[in-house]
Number of protein chains: 4
Amino acid sequence: MLRDDIPRGSVVTLRHTSEVLRGNAAGDPHERDVIVYLPPGYDGSDRRYAAVYCLTGFTGRGQMLLNDSAFTPNLAERMDRLIAAGTVEPMVVVMPDCFTYYGGAQYINSAATGRYEDYLTDEIVPFVDENVRTRASRDARAAMGKSSGGYGALIMGMRHAAVFGLVCSIAGDCYFEYCYLQDVSKALRAIDGDPAAFMRRQWEVEKRSKNDFAALNFIGMSACYSPREDGGFDLPFDLDTGEVRDDVWQRWLEHDPVRIAQRYADDLRSLKLLFLDAGKRDEFGLDLGARILSRKLRELGVPHLHEEFDDGHFNISYRFDRSLELISQNAA
Amino acid sequence: MLRDDIPRGSVVTLRHTSEVLRGNAAGDPHERDVIVYLPPGYDGSDRRYAAVYCLTGFTGRGQMLLNDSAFTPNLAERMDRLIAAGTVEPMVVVMPDCFTYYGGAQYINSAATGRYEDYLTDEIVPFVDENVRTRASRDARAAMGKSSGGYGALIMGMRHAAVFGLVCSIAGDCYFEYCYLQDVSKALRAIDGDPAAFMRRQWEVEKRSKNDFAALNFIGMSACYSPREDGGFDLPFDLDTGEVRDDVWQRWLEHDPVRIAQRYADDLRSLKLLFLDAGKRDEFGLDLGARILSRKLRELGVPHLHEEFDDGHFNISYRFDRSLELISQNAA
Amino acid sequence: MLRDDIPRGSVVTLRHTSEVLRGNAAGDPHERDVIVYLPPGYDGSDRRYAAVYCLTGFTGRGQMLLNDSAFTPNLAERMDRLIAAGTVEPMVVVMPDCFTYYGGAQYINSAATGRYEDYLTDEIVPFVDENVRTRASRDARAAMGKSSGGYGALIMGMRHAAVFGLVCSIAGDCYFEYCYLQDVSKALRAIDGDPAAFMRRQWEVEKRSKNDFAALNFIGMSACYSPREDGGFDLPFDLDTGEVRDDVWQRWLEHDPVRIAQRYADDLRSLKLLFLDAGKRDEFGLDLGARILSRKLRELGVPHLHEEFDDGHFNISYRFDRSLELISQNAA
Amino acid sequence: MLRDDIPRGSVVTLRHTSEVLRGNAAGDPHERDVIVYLPPGYDGSDRRYAAVYCLTGFTGRGQMLLNDSAFTPNLAERMDRLIAAGTVEPMVVVMPDCFTYYGGAQYINSAATGRYEDYLTDEIVPFVDENVRTRASRDARAAMGKSSGGYGALIMGMRHAAVFGLVCSIAGDCYFEYCYLQDVSKALRAIDGDPAAFMRRQWEVEKRSKNDFAALNFIGMSACYSPREDGGFDLPFDLDTGEVRDDVWQRWLEHDPVRIAQRYADDLRSLKLLFLDAGKRDEFGLDLGARILSRKLRELGVPHLHEEFDDGHFNISYRFDRSLELISQNAA
């Protein structure tokens, strides 16, 4: 909610029809909105801008970045302020929609959710470059996000460094032992032996129980990390006892940035900006994930910036300021 | 977020310039948006509709009722569903903006915030009736809200029964001893002797501390219940010791629905619908507030409906369903 | 649990038969243990010692002050340490048992619990002076306690300054609006319309629900503050709606130290030590209670010491150190 | 705290001088109390009794089982009640002291804490049989405990089935991934790079911070599971990043009942009673640990009883009733 009298950018909603999402196993729409923030001065000029792709956390999608709140600016209002203050250059911000029936997509391809990694890199990026006056080069294109969005940004930096030359991960999912395993018992109780029934209730009943988020999170991550060919997915624990299923867990670890960074070391080294950020009191231990990843990166000789701030995992959108500032400084 | 294939209504944003808010002491804008949900079928017909004014809780404004969320429909999506299910008749929903520098207005007139009671009844209602095809009568006009919005709905039913013939209060502020006094110690700590400095920080710093909400709530309510002629306000407790200031507290109690219901008994008896709703585990004891008010109403011979549901104060927008259903059944 | 090699005092348990508690309405025993800590050097000397009466909080009794704990000394171990460190002089510590069926007695006389104020001042003090080598004068006799025990100490200082010349209240119950009213809704839910049945369950069933303590606290305080002649008691709120019963609440306020201090101003002024202590984050707002009482005392010209420490209401037995030190310095 | 008029047993404290604990690396005393509950009727008869060894949880020792509490019987009072009710036969209950500088010993031998497994089986059991009229046979000797005490009971059943023929584990440490790893981030923050300094503070400063227990727990378990020959110990995570140290973690897993049950399958099969109990909402996921262990036992053909109750990990001493009843029924 705004009280300041500064130049305002505008928000446009582009409708995009996806080929790669068509017929996805989760039954989610392949026509989706791509929301784009255009900075003050965009109209009436022919200037080209750096583009920041802001990836939302689990259960989010681009639209939510524009939700109205009393004392916290939404992403468009935040950009207006940062630009007015001279902290960041005018930039375009892209807010894609990668929400799924299971709560999210982790911005990777999965037989259970859909090919969201391809969707982002092969379809949305060219589509935006076609419809918006971006500087259409990897050196002026950033991926930024918090939590699962930070994870997605890291994936972009590892597997798509030719597309995204700048990467900011705020409390991105890392070191899966800590960020996920702590919640098995809660998830088990809420799932109560039947993940499909749980998902139906999730969509049909609004009232939530306190273990429901843990259950949804495990189901959502399973749909991304351990899908089956038939469009289903395997949970990484036994539904009766909660015991870790080692084979499934190994498939999860194949997606852990800490484990796979080495494989993409050259790509990571090529980035113009790689920023790891996390709150020192992150409830999911993602500050530890960032520390562990940072150490791996140092061992691999990957230049990066690693910061910590005095907060937890929630209500930290004010940390976008730091990422946006770094992107603005490093974009070519 | 929607997965169902049902007829969709539309949302229009009307711009309104207020006379009564012009030059308000809080320095808030007098030009504001009035957001209106139009049901499916509105366009291409000349039908007139009942109108529900949905009043938001403290720190809210109309726009927030349309915020996007993963598994919870916003108010427009909720209406689409209820209409599609046949639970409610097509109705118009009006979402006004009564947000202020202090977090809210309780929908009453105050020398510190502005004349929001007049704004709503004297300006917004006629403005909506002029611009939207409502059935412009009190028997087809409802005030509904949760928390401070429920309080506002009760105020409308007591002082403006000629304007709003139907009233639904979900966990509306009632019996001020319980809903406010429990938080004095938290508020005192956060305010730290200087309410004005606290408010400046509230607007300048995004990071919140855990006692901040209690502080804001006390300041906001003071701006509404115990304003001074000079545009300032008096807190109901001593800033050093926390002791209740009896004279200020008496001014607060002059706004407690439980205390003032008797004064407006005839108006309340004239309502076509008066619905009190609250969660049995309301963290602010507002279920007790509703019980106490319900008993007063019985003693006064005011017909009303009183229900409780098994939940607390937060994340209960699903209870709008019950209020909207009752409004639909009782609107003429 | 002790790891230090220092002189140890001893603990003796004296059996006392009370006349004033005989036939009490609550059916509690009138024969009780009085536990006394004797400092190192007590045996084999004829020295006389100052005596500290340590009053436990609600649901406590003297025996609990000697409970074994891993990293926190019990009261005897604490005394050993403070004496060995030279922080306090060798003193006797008396730990009386004023527990009742309702959880406590607030150290006052009540038709529902028993005459515990008389029990302490008329029976236990003389009994101890007879059986233990105390300096049997009010200038060498202190009342000290936390929470309800701090309340009891204040009562001793107000009504029995001729018996206890030194008083230390750590987070003692004060300013009843804040310390009690915040829990009405929890208590109401747990009591569920039948206080007697609640008490029976309390004694029969070990498993507790989360609102049970609030219920017990209200019942216990009612037994102390608003007993009836027939041995029953009145709760200060309506059992259906939770509304405050003003007549009963007035009887409670007649026991609030903040309200009655004025009546005993001369007695309070006569004390050799009056110490008010509280944690700045006390969950029951008792730091505010202490501040308000301190201001009243200043207005009444009652010399006293008022401190705050950075903690809450629980696990603060380490603050006994400060009270014991002050008692040692001020006892004659 | 007792209100019932039933026959009371007695408690004796035996002083024992240990050879195996003499000169332990932690510097803890080798002279310790062994507390023994003798049932009503013990004196004045020559009857011999079954003996239950009750092992305390982490940070506990035998003495704490007799702590006084308002509405919860201590272990002696509990036995009195169960015997009076006819639920259990008169039995002796032994409460040993295996507390250490690091908070506990897990009832196993360690170069960092001491040989507590030997202490219990080679010294305390014979000592008790010599000094108390027990039926000195494994079929009349039970090990029972909660949390770390339940872990100890399982160890007795696996490695000392010739000594203890009956075993009851209530929420015993099992499946270390869940019961320990969830707290690494808290522990890391509190340890702050220096475990030895943390332990010194633990003993010197009474005021605790909220992450301290997690830190103490990790240090204590490391002292038991991953001691070094020099009397120190290795933490299972990197002190800078929190990353799991695989080699240390493997040493921990060598102590996980779920992993080592197979090795002791014959011993376990020989037990007269093996009871696994846990609360369905155990905050450390120990209900899952019990489920996983129960499945392993079934696969190994080990007869046992597995129950769950509707509660968490804390304040569940009432569940001793069930274990004691089963021991009474199965002891020979």
# chains A, B, ... in the order shown; residues from 1 in each chain; ligands from 1

call {"tool": "select_by_dssp", "arguments": {"residues": "range 33-141 of chain D", "states": "helix (DSSP H, G or I)", "output": "ChimeraX atom specification"}}
result
/D:62-66,75-84,116-131,138-140

call {"tool": "residues_around", "arguments": {"residues": "Ala51 in chain D", "least_positions_apart": "5", "cutoff": "9 Å", "atoms": "only C-alpha atoms", "output": "MDAnalysis selection string"}}
result
chainID D and resid 91:94 134:136 140:143

call {"tool": "write_last_selection", "arguments": {"atoms": "N, CA, C and O atoms", "output": "short mmCIF file (atom, residue, chain, number, x, y, z; two decimals), in the first residue's frame"}}
result
data_model
loop_
_atom_site.label_atom_id
_atom_site.label_comp_id
_atom_site.auth_asym_id
_atom_site.auth_seq_id
_atom_site.Cartn_x
_atom_site.Cartn_y
_atom_site.Cartn_z
N MET D 91 6.07 -54.70 43.71
CA MET D 91 7.37 -54.87 43.05
C MET D 91 8.33 -53.84 43.62
O MET D 91 7.92 -52.80 44.15
N VAL D 92 9.60 -54.14 43.46
CA VAL D 92 10.64 -53.20 43.82
C VAL D 92 10.95 -52.35 42.59
O VAL D 92 10.95 -52.86 41.47
N VAL D 93 11.21 -51.05 42.77
CA VAL D 93 11.61 -50.22 41.63
C VAL D 93 12.97 -49.59 41.94
O VAL D 93 13.14 -48.94 42.98
N VAL D 94 13.91 -49.80 41.04
CA VAL D 94 15.27 -49.30 41.22
C VAL D 94 15.47 -48.07 40.33
O VAL D 94 15.12 -48.11 39.14
N THR D 134 15.02 -58.98 46.18
CA THR D 134 14.49 -59.19 44.83
C THR D 134 14.47 -60.68 44.51
O THR D 134 15.18 -61.47 45.12
N ARG D 135 13.65 -61.04 43.52
CA ARG D 135 13.78 -62.37 42.92
C ARG D 135 14.90 -62.22 41.90
O ARG D 135 14.68 -61.72 40.80
N ALA D 136 16.07 -62.66 42.27
CA ALA D 136 17.25 -62.30 41.49
C ALA D 136 17.41 -63.14 40.22
O ALA D 136 18.43 -63.79 40.02
N ALA D 140 12.47 -61.99 36.36
CA ALA D 140 11.79 -61.11 37.31
C ALA D 140 12.50 -59.75 37.37
O ALA D 140 12.41 -59.04 38.36
N ARG D 141 13.23 -59.44 36.30
CA ARG D 141 13.97 -58.18 36.29
C ARG D 141 13.66 -57.43 34.99
O ARG D 141 13.89 -57.95 33.89
N ALA D 142 13.14 -56.22 35.14
CA ALA D 142 12.71 -55.45 33.97
C ALA D 142 13.51 -54.16 33.84
O ALA D 142 13.90 -53.56 34.83
N ALA D 143 13.74 -53.76 32.60
CA ALA D 143 14.27 -52.42 32.31
C ALA D 143 13.17 -51.64 31.61
O ALA D 143 12.59 -52.11 30.63
#

call {"tool": "interface_residues", "arguments": {"of": "chain C", "to": "chain D", "cutoff": "10 Å", "atoms": "only C-alpha atoms", "output": "PDB file with N, CA and C atoms, in the first residue's frame"}}
result
ATOM      1  N   MET C   1      21.666 -30.319  40.392  1.00  0.00           N
ATOM      2  CA  MET C   1      22.679 -31.365  40.433  1.00  0.00           C
ATOM      3  C   MET C   1      24.040 -30.722  40.644  1.00  0.00           C
ATOM      4  N   LEU C   2      24.798 -31.283  41.531  1.00  0.00           N
ATOM      5  CA  LEU C   2      25.961 -30.547  42.018  1.00  0.00           C
ATOM      6  C   LEU C   2      27.269 -31.150  41.539  1.00  0.00           C
ATOM      7  N   ARG C   3      28.163 -30.308  41.182  1.00  0.00           N
ATOM      8  CA  ARG C   3      29.493 -30.753  40.824  1.00  0.00           C
ATOM      9  C   ARG C   3      30.547 -30.012  41.645  1.00  0.00           C
ATOM     10  N   GLY C  27     -11.151 -29.912  52.643  1.00  0.00           N
ATOM     11  CA  GLY C  27     -10.834 -31.298  52.986  1.00  0.00           C
ATOM     12  C   GLY C  27      -9.353 -31.602  52.922  1.00  0.00           C
ATOM     13  N   ASP C  28      -8.526 -30.576  53.015  1.00  0.00           N
ATOM     14  CA  ASP C  28      -7.078 -30.812  52.956  1.00  0.00           C
ATOM     15  C   ASP C  28      -6.519 -31.118  54.337  1.00  0.00           C
ATOM     16  N   PRO C  29      -5.373 -31.799  54.402  1.00  0.00           N
ATOM     17  CA  PRO C  29      -4.795 -32.215  55.682  1.00  0.00           C
ATOM     18  C   PRO C  29      -4.395 -31.020  56.562  1.00  0.00           C
ATOM     19  N   PHE C  58       1.611 -20.858  42.530  1.00  0.00           N
ATOM     20  CA  PHE C  58       0.389 -21.664  42.441  1.00  0.00           C
ATOM     21  C   PHE C  58       0.739 -23.081  41.980  1.00  0.00           C
ATOM     22  N   THR C  59       0.073 -24.048  42.561  1.00  0.00           N
ATOM     23  CA  THR C  59       0.305 -25.503  42.377  1.00  0.00           C
ATOM     24  C   THR C  59       1.590 -25.981  43.046  1.00  0.00           C
ATOM     25  N   GLY C  60       2.251 -25.130  43.791  1.00  0.00           N
ATOM     26  CA  GLY C  60       3.478 -25.567  44.458  1.00  0.00           C
ATOM     27  C   GLY C  60       3.290 -25.780  45.941  1.00  0.00           C
ATOM     28  N   ARG C  61       4.291 -26.362  46.538  1.00  0.00           N
ATOM     29  CA  ARG C  61       4.412 -26.409  48.005  1.00  0.00           C
ATOM     30  C   ARG C  61       5.894 -26.549  48.317  1.00  0.00           C
ATOM     31  N   GLY C  62       6.264 -26.384  49.559  1.00  0.00           N
ATOM     32  CA  GLY C  62       7.666 -26.321  49.949  1.00  0.00           C
ATOM     33  C   GLY C  62       8.536 -27.426  49.371  1.00  0.00           C
ATOM     34  N   GLN C  63       8.017 -28.637  49.403  1.00  0.00           N
ATOM     35  CA  GLN C  63       8.806 -29.786  48.956  1.00  0.00           C
ATOM     36  C   GLN C  63       9.368 -29.571  47.548  1.00  0.00           C
ATOM     37  N   MET C  64       8.604 -28.916  46.696  1.00  0.00           N
ATOM     38  CA  MET C  64       9.026 -28.758  45.290  1.00  0.00           C
ATOM     39  C   MET C  64      10.259 -27.884  45.143  1.00  0.00           C
ATOM     40  N   LEU C  65      10.506 -27.044  46.128  1.00  0.00           N
ATOM     41  CA  LEU C  65      11.700 -26.200  46.070  1.00  0.00           C
ATOM     42  C   LEU C  65      12.968 -27.032  46.177  1.00  0.00           C
ATOM     43  N   LEU C  66      12.800 -28.294  46.576  1.00  0.00           N
ATOM     44  CA  LEU C  66      13.956 -29.192  46.693  1.00  0.00           C
ATOM     45  C   LEU C  66      14.002 -30.223  45.577  1.00  0.00           C
ATOM     46  N   ASN C  67      13.122 -30.091  44.599  1.00  0.00           N
ATOM     47  CA  ASN C  67      13.159 -31.043  43.489  1.00  0.00           C
ATOM     48  C   ASN C  67      14.525 -31.041  42.825  1.00  0.00           C
ATOM     49  N   ASP C  68      14.900 -32.203  42.339  1.00  0.00           N
ATOM     50  CA  ASP C  68      16.190 -32.390  41.690  1.00  0.00           C
ATOM     51  C   ASP C  68      16.099 -31.997  40.218  1.00  0.00           C
ATOM     52  N   SER C  69      17.097 -31.301  39.721  1.00  0.00           N
ATOM     53  CA  SER C  69      17.088 -30.875  38.326  1.00  0.00           C
ATOM     54  C   SER C  69      18.516 -30.893  37.802  1.00  0.00           C
ATOM     55  N   ALA C  70      18.660 -31.102  36.511  1.00  0.00           N
ATOM     56  CA  ALA C  70      19.994 -31.356  35.964  1.00  0.00           C
ATOM     57  C   ALA C  70      20.936 -30.156  36.122  1.00  0.00           C
ATOM     58  N   PHE C  71      20.526 -29.012  35.641  1.00  0.00           N
ATOM     59  CA  PHE C  71      21.455 -27.892  35.566  1.00  0.00           C
ATOM     60  C   PHE C  71      21.011 -26.698  36.405  1.00  0.00           C
ATOM     61  N   THR C  72      19.945 -26.878  37.171  1.00  0.00           N
ATOM     62  CA  THR C  72      19.444 -25.796  38.018  1.00  0.00           C
ATOM     63  C   THR C  72      19.494 -26.254  39.466  1.00  0.00           C
ATOM     64  N   PRO C  73      20.182 -25.511  40.320  1.00  0.00           N
ATOM     65  CA  PRO C  73      20.240 -25.939  41.722  1.00  0.00           C
ATOM     66  C   PRO C  73      18.864 -25.822  42.375  1.00  0.00           C
ATOM     67  N   PHE C  99      -0.375 -25.822  49.957  1.00  0.00           N
ATOM     68  CA  PHE C  99      -1.102 -26.384  48.814  1.00  0.00           C
ATOM     69  C   PHE C  99      -2.520 -26.748  49.252  1.00  0.00           C
ATOM     70  N   THR C 100      -3.455 -26.659  48.293  1.00  0.00           N
ATOM     71  CA  THR C 100      -4.831 -27.053  48.600  1.00  0.00           C
ATOM     72  C   THR C 100      -5.422 -27.868  47.449  1.00  0.00           C
ATOM     73  N   TYR C 101      -6.584 -28.381  47.693  1.00  0.00           N
ATOM     74  CA  TYR C 101      -7.345 -29.094  46.661  1.00  0.00           C
ATOM     75  C   TYR C 101      -7.474 -28.256  45.397  1.00  0.00           C
ATOM     76  N   GLY C 103      -5.324 -26.104  44.281  1.00  0.00           N
ATOM     77  CA  GLY C 103      -4.041 -25.765  43.699  1.00  0.00           C
ATOM     78  C   GLY C 103      -3.216 -24.780  44.507  1.00  0.00           C
ATOM     79  N   GLY C 104      -3.825 -24.091  45.458  1.00  0.00           N
ATOM     80  CA  GLY C 104      -3.057 -23.135  46.255  1.00  0.00           C
ATOM     81  C   GLY C 104      -3.969 -22.333  47.150  1.00  0.00           C
ATOM     82  N   GLN C 202      -9.318 -33.082  37.260  1.00  0.00           N
ATOM     83  CA  GLN C 202      -7.962 -32.622  37.534  1.00  0.00           C
ATOM     84  C   GLN C 202      -7.248 -33.601  38.475  1.00  0.00           C
ATOM     85  N   TRP C 203      -7.973 -34.130  39.424  1.00  0.00           N
ATOM     86  CA  TRP C 203      -7.372 -35.040  40.395  1.00  0.00           C
ATOM     87  C   TRP C 203      -7.357 -36.490  39.926  1.00  0.00           C
ATOM     88  N   GLU C 204      -8.246 -36.797  38.992  1.00  0.00           N
ATOM     89  CA  GLU C 204      -8.357 -38.213  38.599  1.00  0.00           C
ATOM     90  C   GLU C 204      -7.583 -38.539  37.330  1.00  0.00           C
ATOM     91  N   VAL C 205      -7.494 -37.574  36.432  1.00  0.00           N
ATOM     92  CA  VAL C 205      -6.913 -37.850  35.121  1.00  0.00           C
ATOM     93  C   VAL C 205      -5.573 -37.127  35.024  1.00  0.00           C
ATOM     94  N   GLU C 206      -4.531 -37.866  34.661  1.00  0.00           N
ATOM     95  CA  GLU C 206      -3.212 -37.211  34.597  1.00  0.00           C
ATOM     96  C   GLU C 206      -3.008 -36.412  33.325  1.00  0.00           C
ATOM     97  N   LYS C 207      -3.568 -36.890  32.245  1.00  0.00           N
ATOM     98  CA  LYS C 207      -3.371 -36.213  30.962  1.00  0.00           C
ATOM     99  C   LYS C 207      -4.064 -34.852  30.981  1.00  0.00           C
ATOM    100  N   ARG C 208      -3.321 -33.825  30.598  1.00  0.00           N
ATOM    101  CA  ARG C 208      -3.835 -32.466  30.617  1.00  0.00           C
ATOM    102  C   ARG C 208      -4.120 -31.957  29.207  1.00  0.00           C
ATOM    103  N   ASP C 310      15.777  -9.440  32.067  1.00  0.00           N
ATOM    104  CA  ASP C 310      15.439  -9.773  30.685  1.00  0.00           C
ATOM    105  C   ASP C 310      15.004 -11.233  30.551  1.00  0.00           C
ATOM    106  N   ASP C 311      13.760 -11.500  30.958  1.00  0.00           N
ATOM    107  CA  ASP C 311      13.266 -12.863  30.864  1.00  0.00           C
ATOM    108  C   ASP C 311      11.750 -12.838  30.990  1.00  0.00           C
ATOM    109  N   ASN C 315      10.895 -20.511  34.606  1.00  0.00           N
ATOM    110  CA  ASN C 315      12.296 -20.904  34.755  1.00  0.00           C
ATOM    111  C   ASN C 315      13.181 -19.723  35.144  1.00  0.00           C
ATOM    112  N   ILE C 316      12.777 -19.048  36.166  1.00  0.00           N
ATOM    113  CA  ILE C 316      13.538 -17.880  36.601  1.00  0.00           C
ATOM    114  C   ILE C 316      13.967 -18.007  38.067  1.00  0.00           C
ATOM    115  N   SER C 317      14.137 -19.251  38.536  1.00  0.00           N
ATOM    116  CA  SER C 317      14.514 -19.404  39.949  1.00  0.00           C
ATOM    117  C   SER C 317      15.887 -18.793  40.210  1.00  0.00           C
ATOM    118  N   TYR C 318      16.673 -18.582  39.150  1.00  0.00           N
ATOM    119  CA  TYR C 318      17.978 -17.931  39.353  1.00  0.00           C
ATOM    120  C   TYR C 318      17.829 -16.521  39.920  1.00  0.00           C
ATOM    121  N   ARG C 319      16.641 -15.946  39.769  1.00  0.00           N
ATOM    122  CA  ARG C 319      16.442 -14.616  40.330  1.00  0.00           C
ATOM    123  C   ARG C 319      16.298 -14.639  41.854  1.00  0.00           C
TER     124      ARG C 319
END

call {"tool": "residues_around", "arguments": {"residues": "Thr121 in chain C", "least_positions_apart": "4", "cutoff": "10 Å", "atoms": "only C-alpha atoms", "output": "count of residues only"}}
result
11

call {"tool": "closest_residue", "arguments": {"among": "A:Leu38, A:Val184, A:Ser110, A:Gly172", "to": "Glu243 in chain A", "atoms": "only C-alpha atoms"}}
result
A:Val184

call {"tool": "residues_around", "arguments": {"residues": "Leu154 in chain A", "least_positions_apart": "5", "cutoff": "8 Å", "atoms": "only C-alpha atoms", "output": "MDAnalysis selection string"}}
result
chainID A and resid 167:169 172 257

call {"tool": "residues_around", "arguments": {"residues": "Asp246 in chain C", "least_positions_apart": "5", "cutoff": "12 Å", "atoms": "only C-alpha atoms", "output": "MDAnalysis selection string"}}
result
chainID C and resid 226 234:238 251:253

call {"tool": "write_last_selection", "arguments": {"atoms": "N, CA, C and O atoms", "output": "PDB file, in the first residue's frame"}}
result
ATOM      1  N   SER C 226     -12.834 -15.121  46.026  1.00  0.00           N
ATOM      2  CA  SER C 226     -14.297 -14.959  46.061  1.00  0.00           C
ATOM      3  C   SER C 226     -14.960 -16.232  46.587  1.00  0.00           C
ATOM      4  O   SER C 226     -15.815 -16.813  45.912  1.00  0.00           O
ATOM      5  N   ASP C 234     -17.297 -18.353  43.969  1.00  0.00           N
ATOM      6  CA  ASP C 234     -17.906 -17.769  42.770  1.00  0.00           C
ATOM      7  C   ASP C 234     -16.842 -17.450  41.747  1.00  0.00           C
ATOM      8  O   ASP C 234     -15.831 -16.819  42.071  1.00  0.00           O
ATOM      9  N   LEU C 235     -17.064 -17.864  40.534  1.00  0.00           N
ATOM     10  CA  LEU C 235     -16.149 -17.483  39.456  1.00  0.00           C
ATOM     11  C   LEU C 235     -16.463 -16.059  39.010  1.00  0.00           C
ATOM     12  O   LEU C 235     -17.625 -15.641  39.056  1.00  0.00           O
ATOM     13  N   PRO C 236     -15.455 -15.326  38.558  1.00  0.00           N
ATOM     14  CA  PRO C 236     -15.695 -13.916  38.217  1.00  0.00           C
ATOM     15  C   PRO C 236     -16.249 -13.723  36.812  1.00  0.00           C
ATOM     16  O   PRO C 236     -16.239 -12.609  36.309  1.00  0.00           O
ATOM     17  N   PHE C 237     -16.646 -14.814  36.177  1.00  0.00           N
ATOM     18  CA  PHE C 237     -17.249 -14.642  34.841  1.00  0.00           C
ATOM     19  C   PHE C 237     -18.427 -15.604  34.701  1.00  0.00           C
ATOM     20  O   PHE C 237     -18.510 -16.614  35.386  1.00  0.00           O
ATOM     21  N   ASP C 238     -19.312 -15.239  33.809  1.00  0.00           N
ATOM     22  CA  ASP C 238     -20.475 -16.058  33.512  1.00  0.00           C
ATOM     23  C   ASP C 238     -20.028 -17.336  32.801  1.00  0.00           C
ATOM     24  O   ASP C 238     -19.231 -17.284  31.867  1.00  0.00           O
ATOM     25  N   ARG C 251     -14.873  -8.223  44.297  1.00  0.00           N
ATOM     26  CA  ARG C 251     -14.292  -8.943  45.439  1.00  0.00           C
ATOM     27  C   ARG C 251     -12.849  -9.345  45.125  1.00  0.00           C
ATOM     28  O   ARG C 251     -11.988  -9.322  46.000  1.00  0.00           O
ATOM     29  N   TRP C 252     -12.588  -9.696  43.882  1.00  0.00           N
ATOM     30  CA  TRP C 252     -11.210  -9.992  43.497  1.00  0.00           C
ATOM     31  C   TRP C 252     -10.326  -8.749  43.687  1.00  0.00           C
ATOM     32  O   TRP C 252      -9.250  -8.833  44.256  1.00  0.00           O
ATOM     33  N   LEU C 253     -10.821  -7.631  43.194  1.00  0.00           N
ATOM     34  CA  LEU C 253      -9.989  -6.416  43.241  1.00  0.00           C
ATOM     35  C   LEU C 253      -9.660  -6.019  44.679  1.00  0.00           C
ATOM     36  O   LEU C 253      -8.642  -5.359  44.923  1.00  0.00           O
TER      37      LEU C 253
END

call {"tool": "residues_around", "arguments": {"residues": "Phe213 in chain A", "least_positions_apart": "5", "cutoff": "9 Å", "atoms": "only C-alpha atoms", "output": "PyMOL selection string"}}
result
chain A and resi 186-187+190+208+218

call {"tool": "write_last_selection", "arguments": {"atoms": "N, CA and C atoms", "output": "mmCIF file, in the first residue's frame"}}
result
data_model
loop_
_atom_site.group_PDB
_atom_site.id
_atom_site.type_symbol
_atom_site.label_atom_id
_atom_site.label_comp_id
_atom_site.auth_asym_id
_atom_site.auth_seq_id
_atom_site.Cartn_x
_atom_site.Cartn_y
_atom_site.Cartn_z
ATOM 1 N N LYS A 186 4.993 -35.229 10.569
ATOM 2 C CA LYS A 186 3.781 -34.433 10.348
ATOM 3 C C LYS A 186 3.077 -34.838 9.046
ATOM 4 N N ALA A 187 3.883 -35.006 8.004
ATOM 5 C CA ALA A 187 3.315 -35.342 6.696
ATOM 6 C C ALA A 187 2.599 -36.691 6.751
ATOM 7 N N ALA A 190 -0.802 -36.430 8.359
ATOM 8 C CA ALA A 190 -1.821 -35.753 7.554
ATOM 9 C C ALA A 190 -2.195 -36.566 6.322
ATOM 10 N N ARG A 208 -7.833 -25.909 6.968
ATOM 11 C CA ARG A 208 -6.582 -26.667 7.007
ATOM 12 C C ARG A 208 -6.294 -27.155 8.413
ATOM 13 N N PHE A 218 5.543 -32.518 0.935
ATOM 14 C CA PHE A 218 6.135 -33.796 0.553
ATOM 15 C C PHE A 218 5.541 -34.350 -0.731
#

call {"tool": "residues_around", "arguments": {"residues": "Val88 in chain C", "least_positions_apart": "3", "cutoff": "9 Å", "atoms": "only C-alpha atoms", "output": "list in words"}}
result
Met79, Leu82, Ile83, Ala84, Ala85, Met91, Asp321, Leu324, Glu325, Leu326, Ile327, Ser328 and Gln329 of chain C

call {"tool": "atom_distance", "arguments": {"atom1": "CA of Gly150 in chain C", "atom2": "CA of Lys280 in chain C"}}
result
16.1 Å

call {"tool": "atom_distance", "arguments": {"atom1": "CA of Gly301 in chain C", "atom2": "CA of Cys174 in chain C"}}
result
19.0 Å

call {"tool": "atom_distance", "arguments": {"atom1": "CA of Thr56 in chain D", "atom2": "CA of Gly152 in chain D"}}
result
8.8 Å
